[in-house]
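Since the structure comes first, as structure tokens, the remarks are kept for the end.
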Amino acid sequence: MSCTVVVGSQWGDEGKAKMIDFFSKDADIVVRYQGGANAGHTVVVQGKKYVFHLIPSGILHPGKICVIGNGVVIDPEQLVKEMDDLKSQNIDIEGRIILSDAAHLILPFHKAIDSAMEEFRSAKIGTTGRGIGPSYADKCYRTGIRIGDIFDEDLLEEKVRLVLDYKNLQLEKIHGRKGFSIDEIMDILIKFRNTVKPMVTNTAYYLNEAADAGKNIILEGAQGFGLDIDHGTYPFVTSSNPTIGGALLGSGLNSFQINRVVGITKAYITRVGEGPFPTEETGETGNILREKGGEYGATTGRARRCGWFDVELLKQARRVCGFTELAFIKMDVLSGLDSIKVAVGYELNGKKVDSFPSSLLHKVKPVYEDLPGWSEDISRCTAIDQLPKNAQNYIEYIEKKTGIPIKVVSLGPDRENTIVR
Ligand code: GDP
Ligand code: IMO
Ligand code: MG
């Protein structure tokens, strides 16, 4: 048995889906463990691009089982749309998608409150508007609707009434918005029930049985370390735990079953939405990275903020997640830069900072080292020794600074543009 956790090590969009697709060829089961349709996970196979928001990124490998774990918040209409899109592209998903009965649902009032709360805040988070925070909040309030609830219609209606009465008061009285009727919400849930009934089970039980039977399992994180509600740049975070703890809680596997934790890291950094980003480049360099890297959100289409690699951020992600290796993504985007900057530490009020000051990140100044760049197009290289010397040096430099071996290097969006070291 092997169980690999794939975690974003920066602020999301590191290329997790590309690597999950790549690792999936050797897996039996791929499990999404947290987040919802705020995620935009891109896989490119022979030039054809697929974007997943809820369905695990292993789905393009025939026969692999894809599980949506209890830690995920599921928008029923989005999930059905994604399944329909796959079917319309002749991808056989029959019997391959399994949903946790304990996963919470995202309903239209969650999305309405997400947008109303953004409007209400003076300092915006820049959420994706997918209802993520409000759905996780209901889970904590114990007013959430779980997939398992939709099979008992009488009890379901009682549960929906409780949460809906409260949300309608909030929407109408606080935010001056229109509420929702019980009928429209029940309608969505009953339709969803009819579509997904055979797919729902206790996935913690299913996954433990699979692990005991020696299956190879990949746990797919969404977002990344910096967006973790506990360890990220609160309040500019998402409402779940993309880090290793979230993988355990959101799947029901236990820590003794995990034997590999892959940190996915871009060769530079991007961030969508608001919040501190010490190495952000707001000028010409940022524009070059954005345009060369196609850095526009896979979910909202927003321009991603771009900047240099940050060693301290990665080291903190390693502390929290225990990465056993890194996958180094989008190195091809750096071709053509005369020099590449790497932040190797921070200064706060003119003094070197020794710890990771997550709540003061907006105040730190990065300390940079400059590395020589390379001009060659490296996207077609198939082995590390084909890379220009300076590109090889960059990989070794990041390994040394972070203390984590880089086992995979990605040089383009396609499955093929991948080198295993
Ligand atoms: P995720 O959310 O971590 O799965 O990442 P996204 O899919 O949101 O964003 C990563 C983007 O980079 C997608 O458009 C990928 O197709 C693309 N991509 C992944 N790896 C590489 C790479 O090595 N080079 C380039 N140029 N693009 C890549
Ligand atoms: P993947 O899985 C990048 C960001 C939003 C916002 C903050 C909170 O594709 O890496 P939310 O809607 O979750 O309440 O928004 O988190 N965010 C992401 N940024 N990639 C993602 O997912 C993200 N999911 C949420 O932009 O700043
Ligand atoms: Mg993404």
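Going by the structure tokens order, chains are called A, B, ..., each with residues numbered from 1, while ligands are numbered from 1 in the order shown.
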task = Write as a PyMOL selection string the residues around ligand 1, taking 9 Å as the cut-off and counting only C-alpha atoms and all ligand atoms.
result = chain A and resi 7-8+12-20+39-44+49-53+57+221-224+264-267+292-299+328-333+379+409-415+417-418
All residues 12 Å or closer to Glu396 of chain A, only C-alpha atoms, same chain fewer than 5 positions away omitted, as an mmCIF file with N, CA and C atoms, in the first residue's frame:
data_model
loop_
_atom_site.group_PDB
_atom_site.id
_atom_site.type_symbol
_atom_site.label_atom_id
_atom_site.label_comp_id
_atom_site.auth_asym_id
_atom_site.auth_seq_id
_atom_site.Cartn_x
_atom_site.Cartn_y
_atom_site.Cartn_z
ATOM 1 N N PHE A 328 8.658 20.722 -8.658
ATOM 2 C CA PHE A 328 9.024 22.102 -8.992
ATOM 3 C C PHE A 328 8.398 22.433 -10.346
ATOM 4 N N LEU A 371 20.093 35.199 -8.814
ATOM 5 C CA LEU A 371 20.721 34.075 -9.521
ATOM 6 C C LEU A 371 20.708 34.376 -11.017
ATOM 7 N N ILE A 384 17.130 16.130 -16.895
ATOM 8 C CA ILE A 384 17.706 17.283 -16.184
ATOM 9 C C ILE A 384 18.998 17.750 -16.848
ATOM 10 N N LYS A 389 22.898 25.067 -17.735
ATOM 11 C CA LYS A 389 23.568 24.963 -16.426
ATOM 12 C C LYS A 389 22.873 25.834 -15.361
ATOM 13 N N ASN A 390 22.489 27.073 -15.761
ATOM 14 C CA ASN A 390 21.874 27.973 -14.766
ATOM 15 C C ASN A 390 20.512 27.464 -14.285
ATOM 16 N N ALA A 391 19.800 26.752 -15.167
ATOM 17 C CA ALA A 391 18.501 26.175 -14.745
ATOM 18 C C ALA A 391 18.761 25.029 -13.765
ATOM 19 N N LYS A 401 18.338 25.465 -0.220
ATOM 20 C CA LYS A 401 17.765 26.492 0.658
ATOM 21 C C LYS A 401 16.564 25.968 1.449
ATOM 22 N N THR A 402 15.771 25.094 0.818
ATOM 23 C CA THR A 402 14.555 24.627 1.498
ATOM 24 C C THR A 402 14.813 23.347 2.293
ATOM 25 N N GLY A 403 15.861 22.641 1.931
ATOM 26 C CA GLY A 403 16.176 21.382 2.604
ATOM 27 C C GLY A 403 15.273 20.228 2.183
ATOM 28 N N ILE A 404 14.617 20.363 1.035
ATOM 29 C CA ILE A 404 13.711 19.293 0.573
ATOM 30 C C ILE A 404 14.132 18.853 -0.830
ATOM 31 N N PRO A 405 14.239 17.533 -1.062
ATOM 32 C CA PRO A 405 14.624 17.101 -2.406
ATOM 33 C C PRO A 405 13.544 17.404 -3.447
ATOM 34 N N ILE A 406 13.974 17.889 -4.612
ATOM 35 C CA ILE A 406 13.040 18.107 -5.726
ATOM 36 C C ILE A 406 13.074 16.844 -6.579
ATOM 37 N N LYS A 407 11.963 16.113 -6.589
ATOM 38 C CA LYS A 407 11.953 14.817 -7.289
ATOM 39 C C LYS A 407 11.352 14.928 -8.683
ATOM 40 N N VAL A 409 10.347 17.781 -11.933
ATOM 41 C CA VAL A 409 10.418 19.141 -12.480
ATOM 42 C C VAL A 409 9.432 19.220 -13.632
ATOM 43 N N ARG A 421 13.333 13.113 -11.467
ATOM 44 C CA ARG A 421 14.788 13.075 -11.205
ATOM 45 C C ARG A 421 15.203 11.794 -10.498
#
key: Which residue of A:Ile258, A:Met199, A:Ile269, A:Val353 approaches ligand 2 most closely, using only C-alpha atoms and all ligand atoms   =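 Between A:Ile258, A:Met199, A:Ile269, A:Val353, the residue approaching ligand 2 most closely is A:Ile269.
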task = Give me, please, the distance in Å between atom CA of Asn393 of chain A and atom CA of Val342 of chain A, quoted to one decimal.
result = 12.9 Å
task = Would you mind telling me which residue in A:Tyr166, A:Phe236, A:Tyr136, A:Phe120 lies nearest to ligand 2 when using only C-alpha atoms and all ligand atoms?
result = A:Phe236
query = Could you work out how far atom CA of Cys306 of chain A lies from atom CA of Asn287 of chain A, giving the answer in Å with one decimal?
reply =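 Result for atom CA of Asn287 of chain A versus atom CA of Cys306 of chain A: 7.7 Å, one decimal.
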message = I want to know what sits within 9 Å of Ala211 of chain A, based on only C-alpha atoms, with residues of the same chain fewer than 2 positions away left out; could you give that as a list of chain:residue names?
response =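 In the requested form, the answer reads A:Met1, A:Ser2, A:Cys3, A:Tyr206, A:Leu207, A:Asn208, A:Glu209, A:Ala213, A:Gly214, A:Lys215, A:Asn216, A:Ile217, A:Leu253, A:Gln257.
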ask   = So which one's closest to Leu162 of chain A, A:Arg177, A:Lys363, A:Lys81, A:Arg142? Using only C-alpha atoms, please.
value =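 Once distances to Leu162 of chain A are computed over only C-alpha atoms, the minimum belongs to A:Arg142.
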Closest-contact table, segment 87-186 of chain A side, partner segment 67-75 of chain A, 8 Å, counting only C-alpha atoms, as JSON lines:
{"residue": "A:Ile97", "atom": "CA", "partner": "A:Val67", "partner_atom": "CA", "distance": 5.8}
{"residue": "A:Ile98", "atom": "CA", "partner": "A:Val67", "partner_atom": "CA", "distance": 4.7}
{"residue": "A:Leu99", "atom": "CA", "partner": "A:Ile68", "partner_atom": "CA", "distance": 4.9}
{"residue": "A:Ser100", "atom": "CA", "partner": "A:Asn70", "partner_atom": "CA", "distance": 5.1}
{"residue": "A:Asp101", "atom": "CA", "partner": "A:Asn70", "partner_atom": "CA", "distance": 7.1}
{"residue": "A:Ala102", "atom": "CA", "partner": "A:Asn70", "partner_atom": "CA", "distance": 4.9}
{"residue": "A:Ala103", "atom": "CA", "partner": "A:Asn70", "partner_atom": "CA", "distance": 4.1}
{"residue": "A:His104", "atom": "CA", "partner": "A:Val73", "partner_atom": "CA", "distance": 4.9}
{"residue": "A:Leu105", "atom": "CA", "partner": "A:Ile74", "partner_atom": "CA", "distance": 4.7}
{"residue": "A:Ile106", "atom": "CA", "partner": "A:Asp75", "partner_atom": "CA", "distance": 4.6}
{"residue": "A:Leu107", "atom": "CA", "partner": "A:Asp75", "partner_atom": "CA", "distance": 6.5}
{"residue": "A:Ile132", "atom": "CA", "partner": "A:Val73", "partner_atom": "CA", "distance": 7.0}
{"residue": "A:Ser135", "atom": "CA", "partner": "A:Val73", "partner_atom": "CA", "distance": 6.9}
{"residue": "A:Tyr136", "atom": "CA", "partner": "A:Val73", "partner_atom": "CA", "distance": 7.3}
